[in-house]
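Visitor: Sharing input_21.pdb here; it has PDB, C-alpha atoms.
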```
ATOM      1  CA  MET F   1       2.700 -26.963 -20.968
ATOM      2  CA  ALA F   2       0.225 -24.298 -19.897
ATOM      3  CA  SER F   3       1.273 -20.679 -19.823
ATOM      4  CA  ARG F   4       1.369 -18.692 -16.594
ATOM      5  CA  ARG F   5      -1.821 -16.876 -17.627
ATOM      6  CA  GLU F   6      -3.607 -20.219 -17.683
ATOM      7  CA  GLN F   7      -2.462 -20.974 -14.114
ATOM      8  CA  PRO F   8      -3.707 -18.094 -11.913
ATOM      9  CA  GLY F   9      -2.974 -19.976  -8.686
ATOM     10  CA  ARG F  10       0.637 -20.544  -9.645
ATOM     11  CA  GLU F  11       1.641 -16.915  -9.016
ATOM     12  CA  ARG F  12       0.057 -17.011  -5.567
ATOM     13  CA  GLY F  13       1.772 -20.291  -4.799
ATOM     14  CA  GLU F  14       5.133 -18.875  -5.809
ATOM     15  CA  PHE F  15       4.500 -15.769  -3.711
ATOM     16  CA  LEU F  16       3.595 -17.931  -0.693
ATOM     17  CA  GLN F  17       6.819 -19.883  -1.227
ATOM     18  CA  SER F  18       8.774 -16.610  -1.306
ATOM     19  CA  LEU F  19       7.118 -15.520   1.943
ATOM     20  CA  SER F  20       8.067 -18.819   3.522
ATOM     21  CA  VAL F  21      11.695 -18.360   2.439
ATOM     22  CA  ALA F  22      11.648 -14.782   3.764
ATOM     23  CA  SER F  23      10.319 -15.980   7.111
ATOM     24  CA  GLY F  24      13.078 -18.579   7.380
ATOM     25  CA  SER F  25      15.741 -16.050   6.416
ATOM     26  CA  LEU F  26      14.441 -13.629   9.028
ATOM     27  CA  ALA F  27      14.623 -16.325  11.715
ATOM     28  CA  GLU F  28      18.190 -17.096  10.657
ATOM     29  CA  ALA F  29      19.129 -13.408  10.865
ATOM     30  CA  GLU F  30      17.609 -13.203  14.367
ATOM     31  CA  THR F  31      19.720 -16.195  15.416
ATOM     32  CA  GLN F  32      22.860 -14.525  14.096
ATOM     33  CA  LEU F  33      22.021 -11.340  16.005
ATOM     34  CA  ILE F  34      21.583 -13.289  19.232
ATOM     35  CA  ILE F  35      24.892 -15.072  18.676
ATOM     36  CA  ALA F  36      26.631 -11.743  18.010
ATOM     37  CA  ASN F  37      25.182 -10.410  21.258
ATOM     38  CA  ARG F  38      26.337 -13.445  23.253
ATOM     39  CA  LEU F  39      29.827 -13.027  21.814
ATOM     40  CA  GLU F  40      29.667  -9.390  22.945
ATOM     41  CA  MET F  41      29.930  -8.143  19.375
ATOM     42  CA  LEU F  42      26.500  -6.486  19.505
ATOM     43  CA  PRO F  43      25.357  -4.346  22.452
ATOM     44  CA  PRO F  44      22.121  -5.480  24.171
ATOM     45  CA  GLU F  45      20.267  -2.248  23.336
ATOM     46  CA  ARG F  46      21.118  -2.629  19.631
ATOM     47  CA  LEU F  47      20.004  -6.281  19.737
ATOM     48  CA  GLU F  48      16.659  -5.233  21.234
ATOM     49  CA  ALA F  49      16.155  -2.562  18.563
ATOM     50  CA  LEU F  50      16.973  -4.962  15.736
ATOM     51  CA  LEU F  51      14.726  -7.684  17.156
ATOM     52  CA  ARG F  52      11.850  -5.168  17.363
ATOM     53  CA  GLN F  53      12.395  -4.337  13.687
ATOM     54  CA  SER F  54      12.508  -8.036  12.899
ATOM     55  CA  GLU F  55       9.189  -8.519  14.687
ATOM     56  CA  GLU F  56       7.578  -5.828  12.529
ATOM     57  CA  ILE F  57       8.934  -7.463   9.378
ATOM     58  CA  SER F  58       7.639 -10.828  10.572
ATOM     59  CA  LYS F  59       4.167  -9.338  11.090
ATOM     60  CA  GLY F  60       4.205  -8.087   7.498
ATOM     61  CA  ILE F  61       5.235 -11.496   6.187
ATOM     62  CA  HIS F  62       2.504 -13.250   8.150
ATOM     63  CA  LEU F  63      -0.109 -10.687   7.155
ATOM     64  CA  SER F  64       0.844 -11.106   3.504
ATOM     65  CA  ARG F  65       0.623 -14.882   3.807
ATOM     66  CA  ASN F  66      -2.802 -14.652   5.461
ATOM     67  CA  ALA F  67      -4.060 -12.230   2.805
ATOM     68  CA  VAL F  68      -2.944 -14.462  -0.069
ATOM     69  CA  GLN F  69      -4.375 -17.582   1.558
ATOM     70  CA  ALA F  70      -7.677 -15.808   2.270
ATOM     71  CA  ASP F  71      -7.804 -14.596  -1.338
ATOM     72  CA  ARG F  72      -7.259 -18.171  -2.500
ATOM     73  CA  ARG F  73     -10.363 -19.149  -0.535
ATOM     74  CA  GLY F  74     -12.349 -16.144  -1.755
ATOM     75  CA  ILE F  75     -12.364 -14.453   1.643
ATOM     76  CA  SER F  76     -11.974 -10.677   1.779
ATOM     77  CA  LEU F  77      -9.854  -9.363   4.636
ATOM     78  CA  GLY F  78     -10.748  -5.774   3.793
ATOM     79  CA  ALA F  79      -8.114  -3.678   2.094
ATOM     80  CA  PRO F  80      -7.900  -0.827   4.609
ATOM     81  CA  ALA F  81      -6.982  -2.986   7.615
ATOM     82  CA  SER F  82      -4.602  -5.313   5.808
ATOM     83  CA  CYS F  83      -2.968  -2.519   3.794
ATOM     84  CA  ARG F  84      -2.471  -0.383   6.879
ATOM     85  CA  LEU F  85      -0.634  -3.182   8.698
ATOM     86  CA  LEU F  86       1.409  -4.242   5.690
ATOM     87  CA  THR F  87       2.274  -0.973   4.012
ATOM     88  CA  GLY F  88       1.099   1.891   6.199
ATOM     89  CA  VAL F  89      -1.370   2.834   3.442
ATOM     90  CA  ASP F  90      -4.885   3.304   4.776
ATOM     91  CA  ALA F  91      -6.859   2.638   1.611
ATOM     92  CA  PRO F  92      -7.000   0.316  -1.386
ATOM     93  CA  ARG F  93      -4.354   0.976  -3.997
ATOM     94  CA  PRO F  94      -4.889   3.796  -6.464
ATOM     95  CA  ALA F  95      -5.134   2.962 -10.156
ATOM     96  CA  ARG F  96      -1.827   2.113 -11.854
ATOM     97  CA  THR F  97      -0.095   1.292  -8.559
ATOM     98  CA  PRO F  98       1.340  -2.234  -8.651
ATOM     99  CA  ALA F  99      -0.287  -4.527  -6.107
ATOM    100  CA  LEU F 100       0.979  -7.470  -4.145
ATOM    101  CA  PRO F 101      -0.214 -10.707  -5.774
ATOM    102  CA  GLY F 102      -3.693 -11.558  -4.546
ATOM    103  CA  SER F 103      -4.138  -8.201  -2.836
ATOM    104  CA  ASP F 104      -5.467  -4.689  -3.370
ATOM    105  CA  CYS F 105      -2.594  -3.327  -1.290
ATOM    106  CA  PRO F 106       0.139  -1.333  -3.007
ATOM    107  CA  THR F 107       3.576  -2.856  -2.948
ATOM    108  CA  LEU F 108       5.950  -1.600  -0.275
ATOM    109  CA  SER F 109       7.786   0.432  -2.910
ATOM    110  CA  GLY F 110       4.540   1.730  -4.454
TER     111      GLY F 110
END
```
Any chance you could give the structure as structure tokens?

Guide:
Amino acid sequence: MASRREQPGRERGEFLQSLSVASGSLAEAETQLIIANRLEMLPPERLEALLRQSEEISKGIHLSRNAVQADRRGISLGAPASCRLLTGVDAPRPARTPALPGSDCPTLSG
């Protein structure tokens, strides 16, 4: 069996799978929030605030997915624009800052 180093696309594929799982989990959380609101366990203004946050998270997931898929095809999305939307960082990652797989963007914690 080949090592991970011999399968560069494998890491990207696993990351895309993780993004897909995250997207599904986010949709499930949104559903639970809506149910809580309908049962009057969550005030409407709190629901709206949480759904806005969820929308921002969803944008990050989709941007990450697009960046990884573009990288797979050898297309550059431009680090400043994609990093700004994903991480709030306006430039490519500095040296020694861990990057998201297939990206020059720093990780959210970096």

Visitor: Taking (2.1, -11.6, 1.7) in the file's coordinates as the center, which residues reach within 8 Å of it, counting all atoms listed in the file, put as a ChimeraX atom specification?

Guide: /F:15-16,19,60-68,100-101

Visitor: Please compute the CA of Arg38 in chain F-CA of Lys59 in chain F distance, one decimal, in Å.

Guide: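 Computed distance, CA of Arg38 in chain F to CA of Lys59 in chain F, equals 25.6 Å.
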
Visitor: CA of Ser20 in chain F to CA of Glu55 in chain F: how many Å, to one decimal?

Guide: 15.2 Å

Visitor: Between CA of Arg12 in chain F and CA of Thr31 in chain F, what is the distance in Å, rounded to a tenth?

Guide: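 Here the two named atoms are 28.8 Å from each other.
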
Visitor: Excluding same-chain residues fewer than 3 positions from range 21-24 of chain F, what lies within 8 Å of it counting only C-alpha atoms, as a list in words?

Guide: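 Skipping anything fewer than 3 positions along the chain leaves Gln17, Ser18, Ala27, Glu28, Ser58 and Ile61 of chain F.
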
Visitor: With 8 Å on each side, where is the centre of the axis-aligned box around all listed atoms of range 39-42 of chain F, and how long are its edges in Å to one decimal, as JSON?

Guide:
```
{"center_x": 28.2, "center_y": -9.8, "center_z": 21.2, "size_x": 19.4, "size_y": 22.5, "size_z": 19.6}
```

Visitor: Given the file shown, enumerate the residues that the PyMOL selection byres ((chain F and resi 30) around 12) captures and present them as a list in words.

Guide: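 Listing what the PyMOL selection byres ((chain F and resi 30) around 12) selects in the shown file: Ser23, Gly24, Ser25, Leu26, Ala27, Glu28, Ala29, Thr31, Gln32, Leu33, Ile34, Ile35, Ala36, Asn37, Leu47, Glu48, Ala49, Leu50, Leu51, Arg52, Gln53, Ser54, Glu55, Ile57 and Ser58 of chain F.
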